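Novice: I'd like to ask some things about the structure below.
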Amino acid sequence: MTVVDDTPSSRVGRLAELAARKEAARQGPDAEATRRQHARGKLTPHERIELLLDEDSFVEVEPLRRHRAQGFGLEGRRPPGDGVITGWGTVQGRTVFVYAHDFRVFGGALGEAHAEKIHKIMDMALAAGAPLVSLNDGAGARIQEGVSALAGYGGIFLRNTKASGVIPQISVMLGPCAGGAAYSPALTDFVFMVRDTSQMFITGPDVVKTVTGEDITQNGLGGADVHATVSGVCHGAYDDEATCLADVRHLLSLLPSNNRELPPAVPTDDPLTRLTGTLLDLVPADPGRSYDIRAVVEEIVDEGELFEVHPDWARNIVCVLARFGGEVAGIVANQPLSSAGVLDIDASEKAARFVQFCDAFNIPLVTMVDVPGFLPGVTQEHDGIIRRGAKLLYAYCNATVPRISLVLRKAYGGAYIVMDSRAVGADLALAWPGNEIAVMGAEGAANVIFRKEITTADDPEEVRSRRIREYREELMHPFYAAERGLVDDVIDPSLTRQVIVRSLAMLRGKQSDLPLRKHGNPPQ
């Protein structure tokens with residue numbers, strides 16, 4: 001029979017040992033490893049978690065977990081935690097789950113125990129119905145553990161997919177992420193990166209040079225600015241970790257915990273009936289003149305505060321989260337300041353993803369339309385503007401959240417239909433008095449309809465001008481669409497905020513069901 005020493009002194013000793021073990025796990029392998037991490041401009045995982053979560057709210061899970069791998073010297077290196085910190089805490093008092101790679105341990109590489117810790121915290125997040133944030137700083141699979149490490153990634157991908165549209169998932173890239181590991185962030189809702197220290201790519205510069213002969217740096221291939229401006233993989237790039245994590249906190253404050261809840265509402269001192277007469281100064285009456293749609297959005301939302309998604313990619317469309325009367329809404333708006341606000345492949349995909357996210361998490365949509373059409377060109381056609389532009393159309397048609405569209409100036413052709421027109425299910429379609437809703441601009445329409453008359457006239461320019469004027473007066477006057485029920489109301493721009501606030505309040509209890517099906521098959 002084994003005799004257990006349960007004297008007070010032995011209990012004190014065990015508690016002291018527990019405290020020492022946990023402190024050792026927190027400190028990492030050694031002070032030199034921490035110094036090297038800081039020298040790279042990077043924080044330790046616990047320092048990152050402290051920036052992300054409310055003070056003293058973090059509860060760690062499995063801090064003493066060790067791997068059981070044998071061979072290649074692993075049996076002699078079994079650090080507690082196995083290179084990843086997992087647990088939960090709060091952001092502004094609401095539960096958030098988090099896991100953070102520890103680059104100081106095996107370079108943050110994923111092994112079997114490491115993966116099982118991540119699997120557990122992902123399962124807990126899904127069961128609790130709370131957001132999951134991953135702080136990524138790892139070198140990929142732990143080669144010494146072979147296929148077990150690869151299987152660990154498979155389990156992460158499976159859970160990312162199952163959680164999609166159920167709980168918000170946010171990936172924060174704070175170090176390297178190469179190979180198959182890059183697919184987990186790609187499966188999440190938002191990806192944020194820090195300049196110079198974080199990179200994402202499937203094959204690194206050495207492999208690229210060997211296979212294609214192209215010589216490129218890690219940042220040139222998959223750095224933060226590349227993914228924020230060119231590929232669209234990254235939703236935001238930052239100069240430092242503190243600023244990045246502060247924005248993640250801001251984003252979480254705008255999101256519901258899961259797809260069964262509404263976004264959190266907050267009191268506002270911004271009057272619900274505040275007039276927005278300055279919009280007349282911000283938006284030129286001439287449909288050919290550009291302006292910054294962000295200024296318009298700032299004028300109508302609460303306190304002028306907003307969170308922009310993908311601010312540096314596909315700049316011809318703007319996607320933001322903001323509040324009207326304290327309630328969160330997603331805003332999609334054409335940006336005349338960039339390519340005249342035309343819809344192209346990147347803009348369509350950016351907006352489609354945002355619309356789908358808002359619909360999944362019960363966030364109403366406000367669409368502000370000032371669009372000349374889809375971008376013409378051989379490159380766009382060959383790169384699949386039909387297939388990829390249809391993603392935005394599908395996203396709107398499939399969305400069941402409250403939807404309000406507002407035509408500011410022009411809305412031409414198929415782009416008008418795609419930008420949440422009444423025909424594709426907008427609950428309320430509004431327009432300003434200067435709206436031009438038509439198949440195309442008056443100039444193009446007159447050139448097509450009256451081509452023969454214009455070319456044979458004694459004074460072609462006089463005939464063209466007259467026909468353009470006639471077409472605009474007959475088919476493009478501000479009340480044409482309203483007279484036919486395609487616009488619910490033409491509103492005074494100074495009442496824009498007031499009308500949107502009241503309309504969203506009216507639609508808050510909207511119930512809408514899609515046909516029974518396993519899932520749709522959206523264009524890819």
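Following the order of the structure tokens, first chain is A, next is B, and so on, with residues numbered from 1 inside each chain and ligands from 1 in the order they appear.
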Which residues, written as a count of residues only, have at least one atom at most 8 Å from Thr276 of chain A, with only C-alpha atoms counted and residues fewer than 2 positions away on the same chain left out?

Specialist: 10

Novice: Please identify the helix (DSSP H, G or I) residues within segment 192-414 of chain A (assignment by DSSP from backbone atoms) and present them as number ranges by chain.

Specialist: A: 205-212, 218-222, 224-231, 241-253, 279-282, 293-300, 302-304, 339-341, 345-360, 378-382, 385-398, 413-414

Novice: What's around Ala314 of chain A at 10 Å? Count only C-alpha atoms, leave out sequence neighbours fewer than 2 positions away in its own chain, and write the answer as a PyMOL selection string.

Specialist: chain A and resi 228-232+310-312+316-318+335+338-339+341+343-351

Novice: Name the residues of segment 157-331 of chain A that come out as strand (DSSP E or B) in a backbone DSSP run; write them as a ChimeraX atom specification.

Specialist: /A:169-173,176-178,190-194,199-201,223,236-238,306-309,317-324,327-331

Novice: Select, from A:Arg403, A:His38, A:Arg195, A:Arg249, the residue with the minimum atom-to-atom distance to Ile170 of chain A, counting only C-alpha atoms.

Specialist: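 Going through A:Arg403, A:His38, A:Arg195, A:Arg249 one by one, the smallest distance to Ile170 of chain A is for A:Arg249.
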
Novice: Need the shell around Ala505 of chain A: protein/DNA/RNA residues with any atom at most 12 Å away, counting only C-alpha atoms. Skip same-chain ones fewer than 4 positions apart. Format as a PyMOL selection string?

Specialist: chain A and resi 272+324-329+364+402-404+498-501+509-510

Novice: Here is a test: counting only C-alpha atoms, which residue of A:Val301, A:Leu53, A:Ala24, A:Ala340 is nearest to Pro271 of chain A?

Specialist: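 Checking each of A:Val301, A:Leu53, A:Ala24, A:Ala340 against Pro271 of chain A, counting only C-alpha atoms, the winner is A:Val301.
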
Novice: Between A:Phe201, A:Phe103, A:Phe374, A:Phe307, which has the minimum distance to Gly414 of chain A (counting only C-alpha atoms)?

Specialist: A:Phe374

Novice: Which distance in Å separates atom CA of Val407 of chain A and atom CA of Arg387 of chain A, to one decimal?

Specialist: 25.1 Å

Novice: Give me, please, the distance in Å between atom CA of Val133 of chain A and atom CA of Phe192 of chain A, quoted to one decimal.

Specialist: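 Value for the atom CA of Val133 of chain A-atom CA of Phe192 of chain A distance: 10.8 Å.
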